Amino acid sequence: MEKLSDRLNRLSYSQTFVMSNKAREMRASGIDVISLTLGEPDFDVPENIKEAAHQAIKENYSHYSPVPGFPELREAVSHKLKRDNNLNYKPSQICVSNGAKQAIINVLAALINDGDEVILPVPYWVSYDEMVKMMGGTSVFIKTSYVNDFKITAEQLQEAFTPKTKVLLYSSPCNPSGSYYTYDELKALAEVISKNPHVTVISDEIYEFINYETTHRSIASFPEIYEQVAVINGMSKGYAMTGWRIGYSACPEWLAKACDKIQGQMTSGANTIAQRAAITALKTDPSEYKYMIDEFKKRRDLVYDLMKEIPGFKVLLPKSAFYFYPDISFYTGKKLNGTEIKDSDDFAMFLLDHSHVGSVGGVSFGSPECIRFSYAASEKDLIEAMRRIQHCLSHVEIS
């Protein structure tokens, strides 16, 4: 460890992958584990996208692309943002990256100096805080809870701003809570942000299409803060292309150029075959892929009815994404079958050991009282997983 950098030693492993790997190891040893850990659609990539990849191979797209992506792909992203979000971004404002995670890292690297503050509404995606640490920044957390649907208010945001605040980083729709910000809520936040021109917003919108109630709204649509917003999106969730690793940012020109510069020294352009396939995906009307969203909604409703019956769970009906994030504080600070449960990470491990259902504790999301379940799984597995958890907790000895 002495040979490793202080920067690296400050980082934690992703709890999502820790629990996923633990579930995988138990399966390999012969234990029947149902893993609801990873945020990955369980659908196959749509056929027209696969065909576009095959065609790209035939046409020998095997050489380096421009660092921020093929011009045709950036044009397709620009068109998609106008069509779906009424956002005006020129292709020169788009940087295509190796997944949305890299797109976020690019923006943070372009903005953060040592000691700069980054505001993270809680709960936040597990990598956000670690990314801030990597860049030498300091995370400032705004707490939310089950009671307010895990969303911050404009008043909370204003109170969190200081002269050292550089970035507000959040996701809507939200991983892990499944909540999203409405037009009125975003408008109130935008009014506060506009009064703080030293702050840049990184708006992670990767779950845009998985919204069961309304059309997605981006905070970049408020003209008074357009120059302060970096929109992050990608192909993983709405198109079931997680392994293809295509994400993108849409930024003001000055920030887009900075992302291009950083990525040019880090990884260069993203996979060329995946880029060509992404052009086809983005040009396709989103209704063609809506069957996946409809199936997620069916599963959500199914799991909600079953999860409400689990003792000690306080559960909201998620309005977007594909996660449940129940409050399980009833169990923290107690012993279950003699096992001490200090927080939801302990609780997640208890469920894995005793009900053989994998989940992710909320500590790394900033919420030690909550636990995340992905319902990107078959109905059969979801029904059995909820049955196992309910049976386990209905018969557990609590002290």
# chains A, B, ... in the order shown; residues from 1 in each chain; ligands from 1

call {"tool": "residues_around", "arguments": {"residues": "Leu351 (chain A)", "least_positions_apart": "2", "cutoff": "12 Å", "atoms": "only C-alpha atoms", "output": "MDAnalysis selection string"}}
result
chainID A and resid 19 23 33:36 331 336:337 339 341 344:349 353:361 371 373 385:386 388:393 396

call {"tool": "select_by_dssp", "arguments": {"residues": "region 101-234 of chain A", "states": "strand (DSSP E or B)", "output": "list in words"}}
result
Glu117, Val118, Ile119, Leu120, Pro121, Thr138, Ser139, Val140, Phe141, Ile142, Thr165, Lys166, Val167, Leu168, Leu169, Tyr170, Ser171, Thr200, Val201, Ile202, Ser203, Asp204, Asn211, Val229, Ala230, Val231, Ile232, Asn233 and Gly234 of chain A

call {"tool": "residues_around", "arguments": {"residues": "Gly39 (chain A)", "least_positions_apart": "2", "cutoff": "10 Å", "atoms": "only C-alpha atoms", "output": "list in words"}}
result
Thr16, Leu36, Thr37, Pro41, Asp42, Asn175, Pro176, Ser236, Lys237, Thr242, Ala321, Phe322, Tyr323, Phe373, Ser374, Tyr375 and Ala376 of chain A

call {"tool": "closest_residue", "arguments": {"among": "A:Ala56, A:Ile193, A:Leu111, A:Met241", "to": "Phe222 (chain A)", "atoms": "only C-alpha atoms"}}
result
A:Ile193

call {"tool": "closest_residue", "arguments": {"among": "A:Met235, A:Ala154, A:Met135, A:Leu186", "to": "Ser221 (chain A)", "atoms": "only C-alpha atoms"}}
result
A:Leu186

call {"tool": "residues_around", "arguments": {"residues": "Ala103 (chain A)", "least_positions_apart": "3", "cutoff": "9 Å", "atoms": "only C-alpha atoms", "output": "ChimeraX atom specification"}}
result
/A:95-100,106-108,232-233,247-249,259,263

call {"tool": "write_last_selection", "arguments": {"atoms": "all heavy atoms", "output": "CSV table (one decimal), in the first residue's frame"}}
result
chain,number,residue,atom,x,y,z
A,95,CYS,N,-19.4,15.6,-26.8
A,95,CYS,CA,-18.2,14.7,-26.7
A,95,CYS,C,-18.7,13.3,-26.3
A,95,CYS,O,-19.3,13.1,-25.3
A,95,CYS,CB,-17.3,15.3,-25.6
A,95,CYS,SG,-15.7,14.3,-25.4
A,96,VAL,N,-18.4,12.4,-27.2
A,96,VAL,CA,-18.8,11.0,-27.1
A,96,VAL,C,-17.7,10.3,-26.3
A,96,VAL,O,-16.5,10.4,-26.7
A,96,VAL,CB,-19.1,10.3,-28.4
A,96,VAL,CG1,-19.4,8.8,-28.2
A,96,VAL,CG2,-20.2,11.0,-29.1
A,97,SER,N,-18.0,9.5,-25.3
A,97,SER,CA,-17.0,8.9,-24.4
A,97,SER,C,-17.2,7.5,-24.2
A,97,SER,O,-18.2,6.9,-24.7
A,97,SER,CB,-17.1,9.6,-23.0
A,97,SER,OG,-17.0,11.0,-23.1
A,98,ASN,N,-16.3,6.8,-23.5
A,98,ASN,CA,-16.4,5.4,-23.2
A,98,ASN,C,-17.4,5.2,-22.0
A,98,ASN,O,-17.0,4.9,-20.9
A,98,ASN,CB,-15.0,4.9,-22.9
A,98,ASN,CG,-14.1,5.0,-24.1
A,98,ASN,OD1,-14.1,4.1,-24.9
A,98,ASN,ND2,-13.3,6.0,-24.1
A,99,GLY,N,-18.6,5.4,-22.3
A,99,GLY,CA,-19.7,5.3,-21.3
A,99,GLY,C,-19.9,6.6,-20.6
A,99,GLY,O,-19.1,7.6,-20.7
A,100,ALA,N,-21.1,6.8,-20.0
A,100,ALA,CA,-21.5,8.0,-19.3
A,100,ALA,C,-20.6,8.3,-18.1
A,100,ALA,O,-20.4,9.5,-17.8
A,100,ALA,CB,-22.9,7.9,-18.9
A,106,ASN,N,-14.8,13.4,-17.3
A,106,ASN,CA,-14.2,14.5,-18.2
A,106,ASN,C,-14.6,15.8,-17.7
A,106,ASN,O,-13.8,16.8,-17.6
A,106,ASN,CB,-14.7,14.3,-19.6
A,106,ASN,CG,-14.1,13.2,-20.4
A,106,ASN,OD1,-13.0,12.7,-20.0
A,106,ASN,ND2,-14.6,12.8,-21.5
A,107,VAL,N,-15.9,16.0,-17.4
A,107,VAL,CA,-16.4,17.3,-16.9
A,107,VAL,C,-15.8,17.7,-15.6
A,107,VAL,O,-15.3,18.8,-15.4
A,107,VAL,CB,-17.9,17.3,-16.9
A,107,VAL,CG1,-18.4,18.7,-16.4
A,107,VAL,CG2,-18.5,17.1,-18.3
A,108,LEU,N,-15.8,16.7,-14.6
A,108,LEU,CA,-15.2,17.0,-13.3
A,108,LEU,C,-13.7,17.4,-13.5
A,108,LEU,O,-13.2,18.3,-12.8
A,108,LEU,CB,-15.3,15.8,-12.4
A,108,LEU,CG,-16.7,15.6,-11.8
A,108,LEU,CD1,-16.8,14.2,-11.1
A,108,LEU,CD2,-17.2,16.7,-10.9
A,232,ILE,N,-25.4,14.9,-19.2
A,232,ILE,CA,-24.8,13.6,-19.4
A,232,ILE,C,-25.8,12.5,-19.8
A,232,ILE,O,-26.9,12.5,-19.2
A,232,ILE,CB,-24.1,13.1,-18.1
A,232,ILE,CG1,-23.1,14.2,-17.6
A,232,ILE,CG2,-23.4,11.7,-18.3
A,232,ILE,CD1,-21.9,14.4,-18.4
A,233,ASN,N,-25.5,11.7,-20.8
A,233,ASN,CA,-26.5,10.7,-21.2
A,233,ASN,C,-25.7,9.6,-21.9
A,233,ASN,O,-24.4,9.7,-22.0
A,233,ASN,CB,-27.6,11.3,-22.1
A,233,ASN,CG,-28.9,10.5,-21.9
A,233,ASN,OD1,-28.9,9.3,-21.8
A,233,ASN,ND2,-30.0,11.3,-22.0
A,247,GLY,N,-21.2,6.7,-24.0
A,247,GLY,CA,-21.9,7.8,-23.3
A,247,GLY,C,-21.6,9.1,-24.0
A,247,GLY,O,-20.8,9.1,-24.9
A,248,TYR,N,-22.2,10.2,-23.6
A,248,TYR,CA,-21.8,11.5,-24.2
A,248,TYR,C,-22.2,12.6,-23.2
A,248,TYR,O,-23.0,12.5,-22.3
A,248,TYR,CB,-22.5,11.7,-25.5
A,248,TYR,CG,-24.1,11.6,-25.5
A,248,TYR,CD1,-24.8,12.7,-25.1
A,248,TYR,CD2,-24.7,10.4,-25.8
A,248,TYR,CE1,-26.2,12.6,-25.1
A,248,TYR,CE2,-26.1,10.3,-25.8
A,248,TYR,CZ,-26.9,11.4,-25.5
A,248,TYR,OH,-28.2,11.3,-25.5
A,249,SER,N,-21.5,13.7,-23.4
A,249,SER,CA,-21.9,15.0,-22.7
A,249,SER,C,-22.3,16.0,-23.7
A,249,SER,O,-21.8,16.0,-24.9
A,249,SER,CB,-20.7,15.5,-21.9
A,249,SER,OG,-19.5,15.7,-22.7
A,259,CYS,N,-13.5,19.0,-22.5
A,259,CYS,CA,-13.7,17.5,-22.4
A,259,CYS,C,-12.9,16.8,-23.5
A,259,CYS,O,-12.3,15.8,-23.3
A,259,CYS,CB,-15.2,17.2,-22.5
A,259,CYS,SG,-16.1,17.7,-21.0
A,263,GLN,N,-10.1,14.0,-22.8
A,263,GLN,CA,-10.3,12.7,-23.3
A,263,GLN,C,-9.2,12.3,-24.3
A,263,GLN,O,-8.8,11.2,-24.4
A,263,GLN,CB,-11.7,12.6,-24.0
A,263,GLN,CG,-12.0,11.1,-24.4
A,263,GLN,CD,-13.5,11.0,-24.7
A,263,GLN,OE1,-14.3,11.2,-23.8
A,263,GLN,NE2,-13.8,10.6,-25.9

call {"tool": "select_by_dssp", "arguments": {"residues": "region 226-329 of chain A", "states": "alpha helix (DSSP H)", "output": "VMD selection string"}}
result
chain A and resid 253 to 266 272 to 283 290 to 307

call {"tool": "residues_around", "arguments": {"residues": "region 285-290 of chain A", "least_positions_apart": "4", "cutoff": "8 Å", "atoms": "only C-alpha atoms", "output": "ChimeraX atom specification"}}
result
/A:46,238-239,294

call {"tool": "write_last_selection", "arguments": {"atoms": "all heavy atoms", "output": "mmCIF file, in the first residue's frame"}}
result
data_model
loop_
_atom_site.group_PDB
_atom_site.id
_atom_site.type_symbol
_atom_site.label_atom_id
_atom_site.label_comp_id
_atom_site.auth_asym_id
_atom_site.auth_seq_id
_atom_site.Cartn_x
_atom_site.Cartn_y
_atom_site.Cartn_z
ATOM 1 N N PRO A 46 -31.514 -4.375 -29.272
ATOM 2 C CA PRO A 46 -32.437 -4.448 -30.409
ATOM 3 C C PRO A 46 -31.735 -4.811 -31.721
ATOM 4 O O PRO A 46 -30.571 -4.440 -31.948
ATOM 5 C CB PRO A 46 -33.030 -3.031 -30.465
ATOM 6 C CG PRO A 46 -32.977 -2.559 -29.043
ATOM 7 C CD PRO A 46 -31.695 -3.134 -28.497
ATOM 8 N N GLY A 238 -31.475 3.059 -21.782
ATOM 9 C CA GLY A 238 -32.634 3.100 -22.672
ATOM 10 C C GLY A 238 -32.523 2.186 -23.868
ATOM 11 O O GLY A 238 -33.535 1.853 -24.497
ATOM 12 N N TYR A 239 -31.289 1.766 -24.213
ATOM 13 C CA TYR A 239 -31.082 0.938 -25.399
ATOM 14 C C TYR A 239 -30.496 -0.433 -25.054
ATOM 15 O O TYR A 239 -30.163 -1.200 -25.958
ATOM 16 C CB TYR A 239 -30.129 1.649 -26.363
ATOM 17 C CG TYR A 239 -30.631 3.012 -26.792
ATOM 18 C CD1 TYR A 239 -30.259 4.166 -26.093
ATOM 19 C CD2 TYR A 239 -31.478 3.161 -27.892
ATOM 20 C CE1 TYR A 239 -30.712 5.418 -26.481
ATOM 21 C CE2 TYR A 239 -31.936 4.416 -28.283
ATOM 22 C CZ TYR A 239 -31.551 5.540 -27.572
ATOM 23 O OH TYR A 239 -32.006 6.780 -27.960
ATOM 24 N N ASP A 294 -42.138 -0.622 -20.986
ATOM 25 C CA ASP A 294 -43.418 -1.213 -20.582
ATOM 26 C C ASP A 294 -43.198 -2.429 -19.683
ATOM 27 O O ASP A 294 -43.927 -2.641 -18.704
ATOM 28 C CB ASP A 294 -44.238 -1.615 -21.819
ATOM 29 C CG ASP A 294 -44.696 -0.412 -22.631
ATOM 30 O OD1 ASP A 294 -44.736 0.705 -22.073
ATOM 31 O OD2 ASP A 294 -45.006 -0.596 -23.824
#

call {"tool": "closest_residue", "arguments": {"among": "A:Ser62, A:Ser194, A:Ser145, A:Thr182", "to": "Ser218 (chain A)", "atoms": "only C-alpha atoms"}}
result
A:Thr182

call {"tool": "residues_around", "arguments": {"residues": "Leu189 (chain A)", "least_positions_apart": "6", "cutoff": "10 Å", "atoms": "only C-alpha atoms", "output": "short mmCIF file (atom, residue, chain, number, x, y, z; two decimals) with all heavy atoms, in the first residue's frame"}}
result
data_model
loop_
_atom_site.label_atom_id
_atom_site.label_comp_id
_atom_site.auth_asym_id
_atom_site.auth_seq_id
_atom_site.Cartn_x
_atom_site.Cartn_y
_atom_site.Cartn_z
N ILE A 152 -34.07 17.14 -3.13
CA ILE A 152 -33.71 18.37 -2.43
C ILE A 152 -34.64 19.50 -2.84
O ILE A 152 -35.30 19.44 -3.88
CB ILE A 152 -32.24 18.78 -2.69
CG1 ILE A 152 -32.04 19.14 -4.18
CG2 ILE A 152 -31.29 17.70 -2.25
CD1 ILE A 152 -30.70 19.80 -4.48
N THR A 153 -34.66 20.54 -2.02
CA THR A 153 -35.43 21.74 -2.33
C THR A 153 -34.49 22.87 -2.75
O THR A 153 -33.28 22.81 -2.51
CB THR A 153 -36.24 22.21 -1.11
OG1 THR A 153 -35.32 22.62 -0.07
CG2 THR A 153 -37.14 21.09 -0.59
N ALA A 154 -35.07 23.88 -3.36
CA ALA A 154 -34.28 25.06 -3.74
C ALA A 154 -33.66 25.72 -2.52
O ALA A 154 -32.53 26.21 -2.58
CB ALA A 154 -35.17 26.04 -4.51
N GLU A 155 -34.38 25.71 -1.42
CA GLU A 155 -33.87 26.32 -0.19
C GLU A 155 -32.64 25.57 0.32
O GLU A 155 -31.64 26.18 0.73
CB GLU A 155 -34.95 26.35 0.89
CG GLU A 155 -36.12 27.28 0.60
CD GLU A 155 -37.07 26.75 -0.46
OE1 GLU A 155 -37.07 25.52 -0.71
OE2 GLU A 155 -37.81 27.57 -1.06
N GLN A 156 -32.69 24.26 0.29
CA GLN A 156 -31.53 23.46 0.70
C GLN A 156 -30.33 23.72 -0.20
O GLN A 156 -29.19 23.81 0.28
CB GLN A 156 -31.87 21.97 0.65
CG GLN A 156 -32.75 21.45 1.78
CD GLN A 156 -33.03 19.97 1.61
OE1 GLN A 156 -33.65 19.54 0.63
NE2 GLN A 156 -32.55 19.17 2.56
N LEU A 157 -30.59 23.85 -1.49
CA LEU A 157 -29.50 24.08 -2.43
C LEU A 157 -28.83 25.43 -2.16
O LEU A 157 -27.60 25.53 -2.12
CB LEU A 157 -30.02 24.02 -3.86
CG LEU A 157 -28.97 24.19 -4.96
CD1 LEU A 157 -27.90 23.10 -4.87
CD2 LEU A 157 -29.62 24.19 -6.34
N GLN A 158 -29.64 26.45 -1.94
CA GLN A 158 -29.09 27.78 -1.68
C GLN A 158 -28.23 27.77 -0.42
O GLN A 158 -27.15 28.37 -0.37
CB GLN A 158 -30.20 28.81 -1.55
CG GLN A 158 -29.71 30.24 -1.33
CD GLN A 158 -28.82 30.73 -2.45
OE1 GLN A 158 -29.27 30.94 -3.57
NE2 GLN A 158 -27.52 30.90 -2.17
N TYR A 181 -37.06 14.78 -10.78
CA TYR A 181 -37.47 16.15 -10.50
C TYR A 181 -38.48 16.61 -11.55
O TYR A 181 -38.27 16.46 -12.75
CB TYR A 181 -36.26 17.09 -10.49
CG TYR A 181 -35.40 16.93 -9.25
CD1 TYR A 181 -34.34 16.03 -9.24
CD2 TYR A 181 -35.68 17.65 -8.09
CE1 TYR A 181 -33.56 15.87 -8.11
CE2 TYR A 181 -34.89 17.49 -6.95
CZ TYR A 181 -33.84 16.60 -6.97
OH TYR A 181 -33.07 16.44 -5.83
N TYR A 183 -40.94 19.52 -13.52
CA TYR A 183 -40.66 20.82 -14.14
C TYR A 183 -40.60 21.91 -13.09
O TYR A 183 -39.66 22.72 -13.07
CB TYR A 183 -41.72 21.14 -15.18
CG TYR A 183 -41.63 22.55 -15.72
CD1 TYR A 183 -40.75 22.85 -16.77
CD2 TYR A 183 -42.40 23.57 -15.19
CE1 TYR A 183 -40.65 24.15 -17.26
CE2 TYR A 183 -42.29 24.88 -15.67
CZ TYR A 183 -41.43 25.15 -16.71
OH TYR A 183 -41.32 26.44 -17.18
N ILE A 219 -32.75 20.00 -16.88
CA ILE A 219 -32.54 21.32 -16.27
C ILE A 219 -31.85 22.27 -17.26
O ILE A 219 -31.94 23.50 -17.12
CB ILE A 219 -31.74 21.19 -14.96
CG1 ILE A 219 -31.93 22.45 -14.10
CG2 ILE A 219 -30.26 20.90 -15.24
CD1 ILE A 219 -31.45 22.30 -12.67
#

call {"tool": "closest_residue", "arguments": {"among": "A:Asp129, A:Ile210, A:Gly333, A:Leu255", "to": "Arg300 (chain A)", "atoms": "only C-alpha atoms"}}
result
A:Ile210

call {"tool": "closest_residue", "arguments": {"among": "A:Pro223, A:Pro318, A:Pro197, A:Pro123", "to": "Thr162 (chain A)", "atoms": "only C-alpha atoms"}}
result
A:Pro197

call {"tool": "atom_distance", "arguments": {"atom1": "CA of Val118 (chain A)", "atom2": "CA of Val140 (chain A)"}}
result
5.9 Å

call {"tool": "atom_distance", "arguments": {"atom1": "CA of Ser394 (chain A)", "atom2": "CA of Gly338 (chain A)"}}
result
15.5 Å
